[in-house]
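Undergrad: Provided below: upload-v2.csv, containing CSV, C-alpha atoms.
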```csv
chain,number,residue,atom,x,y,z
G,1,MET,CA,42.8,-36.2,-72.6
G,2,ALA,CA,45.3,-33.4,-72.3
G,3,ALA,CA,46.7,-34.7,-69.0
G,4,ILE,CA,47.0,-38.2,-70.4
G,5,ALA,CA,48.7,-36.9,-73.5
G,6,GLU,CA,51.1,-34.9,-71.4
G,7,GLU,CA,52.0,-38.1,-69.4
G,8,LYS,CA,53.0,-39.7,-72.7
G,9,LEU,CA,55.3,-36.6,-73.3
G,10,ALA,CA,53.1,-34.9,-75.9
G,11,THR,CA,54.1,-31.4,-76.6
G,12,ASP,CA,52.3,-28.1,-77.5
G,13,ILE,CA,49.0,-29.4,-76.1
G,14,THR,CA,46.1,-27.0,-76.9
G,15,ILE,CA,42.4,-27.3,-76.0
G,16,LEU,CA,40.0,-25.4,-78.3
G,17,ASP,CA,36.5,-24.6,-77.0
G,18,MET,CA,34.4,-25.5,-80.0
G,19,ARG,CA,31.0,-25.1,-78.4
G,20,THR,CA,30.1,-21.8,-80.1
G,21,VAL,CA,31.0,-23.0,-83.6
G,22,CYS,CA,30.4,-26.7,-83.8
G,23,ASP,CA,27.4,-28.9,-83.0
G,24,TYR,CA,29.2,-32.3,-83.0
G,25,THR,CA,31.7,-31.7,-80.3
G,26,ASP,CA,32.6,-29.4,-77.4
G,27,PHE,CA,36.4,-29.5,-77.5
G,28,PHE,CA,39.3,-30.2,-79.7
G,29,VAL,CA,42.4,-31.5,-77.8
G,30,ILE,CA,45.4,-31.0,-80.0
G,31,ALA,CA,48.8,-32.5,-79.2
G,32,THR,CA,52.1,-33.2,-80.9
G,33,GLY,CA,54.2,-36.3,-80.8
G,34,GLY,CA,57.9,-36.4,-81.8
G,35,ASN,CA,57.3,-39.1,-84.4
G,36,THR,CA,54.7,-41.5,-85.6
G,37,ARG,CA,55.5,-44.1,-82.9
G,38,GLN,CA,54.9,-41.5,-80.2
G,39,THR,CA,51.7,-40.2,-81.8
G,40,LYS,CA,50.4,-43.8,-81.7
G,41,ALA,CA,51.5,-44.2,-78.1
G,42,ILE,CA,49.7,-41.0,-77.1
G,43,SER,CA,46.5,-42.0,-78.9
G,44,ASP,CA,46.6,-45.5,-77.5
G,45,GLU,CA,47.2,-44.3,-73.9
G,46,VAL,CA,44.2,-41.9,-74.2
G,47,HIS,CA,42.1,-44.8,-75.5
G,48,PHE,CA,43.1,-47.2,-72.8
G,49,ALA,CA,42.7,-44.7,-70.0
G,50,LEU,CA,39.3,-43.5,-71.0
G,51,LYS,CA,38.1,-47.0,-71.5
G,52,ARG,CA,39.5,-48.1,-68.1
G,53,ASP,CA,38.5,-45.1,-66.1
G,54,HIS,CA,35.3,-44.0,-67.7
G,55,GLU,CA,34.1,-46.9,-69.9
G,56,LEU,CA,34.3,-44.5,-72.8
G,57,LEU,CA,35.2,-45.7,-76.3
G,58,PRO,CA,35.6,-43.4,-79.3
G,59,ARG,CA,32.8,-43.1,-81.9
G,60,ALA,CA,35.5,-43.2,-84.6
G,61,VAL,CA,39.3,-43.2,-85.0
G,62,ALA,CA,41.3,-42.4,-88.1
G,63,GLY,CA,44.9,-42.1,-89.1
G,64,GLU,CA,46.3,-44.8,-86.8
G,65,ARG,CA,48.1,-46.6,-89.6
G,66,GLU,CA,50.0,-43.7,-90.9
G,67,GLY,CA,50.4,-42.0,-87.5
G,68,THR,CA,51.0,-38.5,-88.8
G,69,TRP,CA,47.6,-37.3,-87.7
G,70,ILE,CA,45.5,-39.5,-85.5
G,71,ILE,CA,42.0,-38.2,-84.8
G,72,ALA,CA,39.7,-39.9,-82.2
G,73,ASP,CA,36.1,-38.7,-81.7
G,74,TYR,CA,35.0,-39.1,-78.1
G,75,TYR,CA,31.7,-37.4,-78.7
G,76,ASP,CA,32.1,-34.3,-76.4
G,77,SER,CA,35.8,-34.1,-77.2
G,78,VAL,CA,37.9,-34.8,-80.3
G,79,LEU,CA,41.6,-35.8,-79.9
G,80,HIS,CA,44.0,-34.7,-82.6
G,81,VAL,CA,47.5,-36.1,-82.3
G,82,PHE,CA,50.0,-34.9,-84.9
G,83,THR,CA,53.6,-35.2,-85.8
G,84,GLU,CA,55.3,-31.8,-85.8
G,85,GLU,CA,55.4,-31.5,-89.6
G,86,THR,CA,51.8,-32.5,-90.1
G,87,ARG,CA,50.6,-30.1,-87.4
G,88,GLU,CA,52.5,-27.3,-89.0
G,89,PHE,CA,51.0,-28.1,-92.4
G,90,TYR,CA,47.4,-28.3,-91.3
G,91,ARG,CA,47.5,-25.5,-88.6
G,92,LEU,CA,44.2,-26.3,-87.0
G,93,GLU,CA,44.7,-23.5,-84.4
G,94,ASP,CA,44.9,-21.0,-87.2
G,95,LEU,CA,41.9,-22.4,-88.9
G,96,TRP,CA,39.9,-22.1,-85.7
G,97,ASN,CA,41.6,-18.9,-84.4
G,98,ASP,CA,38.3,-17.4,-83.5
G,99,VAL,CA,37.5,-19.9,-80.7
G,100,PRO,CA,38.7,-19.7,-77.1
G,101,LYS,CA,41.7,-21.6,-76.1
G,102,LEU,CA,41.7,-23.3,-72.7
G,103,GLU,CA,44.8,-24.0,-70.6
G,104,ALA,CA,45.8,-27.6,-70.5
G,105,ALA,CA,46.3,-29.0,-67.0
G,106,VAL,CA,50.0,-28.9,-66.2
G,107,SER,CA,51.3,-31.8,-64.1
G,108,ALA,CA,53.2,-30.8,-61.0
```
Before we go any further, please render this structure as structure tokens.
TA:
Amino acid sequence: MAAIAEEKLATDITILDMRTVCDYTDFFVIATGGNTRQTKAISDEVHFALKRDHELLPRAVAGEREGTWIIADYYDSVLHVFTEETREFYRLEDLWNDVPKLEAAVSA
């Protein structure tokens, strides 16, 4: 998810390891898009790539219409794609500051 989001030029990609604090998912992948159009493009690309490459569809998706915070539940991982303002307002990393952060794969 992180690599796909990066390919769509998402910024500030963070992966939170939720396994010790959450029983419904293992990871949060958090990314920022420059505007609502980009957040939708990031979310769409993750959706299409996971469906094409892994035959994986999300359990649920919310926020696509507004595009300021799109959340897609892929069972073991939950994708959060924010606009900058919305990410700053909700500050998920601060809310979950006690969980380990993993390094997102950086493309070469």
Undergrad: Hey, which of G:Leu50, G:Leu56, G:Leu16, G:Ala31 ends up closest to Ile71 (chain G)? Count all atoms listed in the file.
TA: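 Closest to Ile71 (chain G), using all atoms listed in the file: G:Ala31.
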Undergrad: With only C-alpha atoms as the atoms that count, which of G:Glu64, G:Thr25, G:Asn97, G:Met1 lies nearest to Lys51 (chain G)?
TA: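 Among G:Glu64, G:Thr25, G:Asn97, G:Met1, it is G:Met1 that comes nearest to Lys51 (chain G).
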Undergrad: I'd like the contact shell of Asp23 (chain G) - 12 Å cut-off, only C-alpha atoms, skipping same-chain residues fewer than 5 positions apart - returned as an mmCIF file with C-alpha atoms, in the frame of the given file.
TA:
```cif
data_model
loop_
_atom_site.group_PDB
_atom_site.id
_atom_site.type_symbol
_atom_site.label_atom_id
_atom_site.label_comp_id
_atom_site.auth_asym_id
_atom_site.auth_seq_id
_atom_site.Cartn_x
_atom_site.Cartn_y
_atom_site.Cartn_z
ATOM 1 C CA ASP G 17 36.500 -24.600 -77.000
ATOM 2 C CA MET G 18 34.400 -25.500 -80.000
ATOM 3 C CA TYR G 75 31.700 -37.400 -78.700
ATOM 4 C CA ASP G 76 32.100 -34.300 -76.400
ATOM 5 C CA SER G 77 35.800 -34.100 -77.200
#
```
Undergrad: Can you pull out the residues contacting Lys101 (chain G)? Cut-off 12 Å, using all atoms listed in the file, and skip same-chain residues under 6 positions away; I want them as a ChimeraX atom specification.
TA: /G:13-19,27-30,93-94
Undergrad: What does the structure give for the distance between CA of Arg52 (chain G) and CA of Asn35 (chain G), in Å to one decimal?
TA: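 So the answer is 25.8 Å.
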Undergrad: So which one's closest to Asp73 (chain G), G:Arg37, G:Phe89, G:Thr32, G:Asp26? Using only C-alpha atoms, please.
TA: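 Nearest candidate to Asp73 (chain G) out of G:Arg37, G:Phe89, G:Thr32, G:Asp26: G:Asp26.
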Undergrad: Within 12 Å of Glu85 (chain G), counting all atoms listed in the file, which residues qualify if same-chain residues fewer than 6 places away don't, as a VMD selection string?
TA: chain G and resid 32 to 36 67 to 69 91
Undergrad: Kindly indicate which residue among G:Val21, G:Val46, G:Gly63, G:Thr39 lies nearest to Phe82 (chain G), using only C-alpha atoms for the distances.
TA: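 Between G:Val21, G:Val46, G:Gly63, G:Thr39, the residue approaching Phe82 (chain G) most closely is G:Thr39.
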Undergrad: Please, what distance in Å, to one decimal, runs between CA of Glu6 (chain G) and CA of Cys22 (chain G)?
TA: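 Straight-line distance from CA of Glu6 (chain G) to CA of Cys22 (chain G) works out to 25.5 Å.
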Undergrad: Quick one: distance from CA of Ile42 (chain G) to CA of Glu7 (chain G) in Å, one decimal?
TA: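 Value for the CA of Ile42 (chain G)-CA of Glu7 (chain G) distance: 8.5 Å.
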Undergrad: Of the residues G:Leu57, G:Val99, G:Ile70, G:Ala2, which is the one nearest to Thr86 (chain G), using all atoms listed in the file?
TA: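 That would be G:Ile70, the residue with the smallest distance to Thr86 (chain G).
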Undergrad: Rank nothing, just name the residue among G:Leu92, G:Ala5, G:Val81, G:Ala72 nearest to Pro58 (chain G), using all atoms listed in the file.
TA: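 Selected residue with least distance to Pro58 (chain G): G:Ala72.
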Undergrad: Reconstruct N, CA and C atoms of region 59-70 of chain G; output as a PDB file, keeping the file's coordinate frame.
TA:
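part_4.pdb written:
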```pdb
ATOM      1  N   ARG G  59      33.833 -42.848 -80.837  1.00  0.00           N
ATOM      2  CA  ARG G  59      32.800 -43.100 -81.900  1.00  0.00           C
ATOM      3  C   ARG G  59      33.557 -43.518 -83.168  1.00  0.00           C
ATOM      4  N   ALA G  60      34.710 -42.909 -83.419  1.00  0.00           N
ATOM      5  CA  ALA G  60      35.500 -43.200 -84.600  1.00  0.00           C
ATOM      6  C   ALA G  60      36.946 -42.819 -84.367  1.00  0.00           C
ATOM      7  N   VAL G  61      37.854 -43.529 -85.036  1.00  0.00           N
ATOM      8  CA  VAL G  61      39.300 -43.200 -85.000  1.00  0.00           C
ATOM      9  C   VAL G  61      39.803 -43.315 -86.423  1.00  0.00           C
ATOM     10  N   ALA G  62      40.654 -42.370 -86.800  1.00  0.00           N
ATOM     11  CA  ALA G  62      41.300 -42.400 -88.100  1.00  0.00           C
ATOM     12  C   ALA G  62      42.726 -42.015 -88.039  1.00  0.00           C
ATOM     13  N   GLY G  63      43.512 -42.517 -88.981  1.00  0.00           N
ATOM     14  CA  GLY G  63      44.900 -42.100 -89.100  1.00  0.00           C
ATOM     15  C   GLY G  63      45.890 -42.962 -88.297  1.00  0.00           C
ATOM     16  N   GLU G  64      45.423 -44.006 -87.655  1.00  0.00           N
ATOM     17  CA  GLU G  64      46.300 -44.800 -86.800  1.00  0.00           C
ATOM     18  C   GLU G  64      47.421 -45.493 -87.636  1.00  0.00           C
ATOM     19  N   ARG G  65      47.093 -45.910 -88.822  1.00  0.00           N
ATOM     20  CA  ARG G  65      48.100 -46.600 -89.600  1.00  0.00           C
ATOM     21  C   ARG G  65      49.258 -45.772 -90.014  1.00  0.00           C
ATOM     22  N   GLU G  66      48.966 -44.552 -90.477  1.00  0.00           N
ATOM     23  CA  GLU G  66      50.000 -43.700 -90.900  1.00  0.00           C
ATOM     24  C   GLU G  66      50.700 -43.010 -89.676  1.00  0.00           C
ATOM     25  N   GLY G  67      49.894 -42.588 -88.716  1.00  0.00           N
ATOM     26  CA  GLY G  67      50.400 -42.000 -87.500  1.00  0.00           C
ATOM     27  C   GLY G  67      50.826 -40.572 -87.541  1.00  0.00           C
ATOM     28  N   THR G  68      50.658 -39.917 -88.683  1.00  0.00           N
ATOM     29  CA  THR G  68      51.000 -38.500 -88.800  1.00  0.00           C
ATOM     30  C   THR G  68      49.967 -37.582 -88.225  1.00  0.00           C
ATOM     31  N   TRP G  69      48.706 -38.007 -88.318  1.00  0.00           N
ATOM     32  CA  TRP G  69      47.600 -37.300 -87.700  1.00  0.00           C
ATOM     33  C   TRP G  69      46.544 -38.302 -87.325  1.00  0.00           C
ATOM     34  N   ILE G  70      46.454 -38.542 -86.044  1.00  0.00           N
ATOM     35  CA  ILE G  70      45.500 -39.500 -85.500  1.00  0.00           C
ATOM     36  C   ILE G  70      44.344 -38.654 -84.913  1.00  0.00           C
TER      37      ILE G  70
END
```
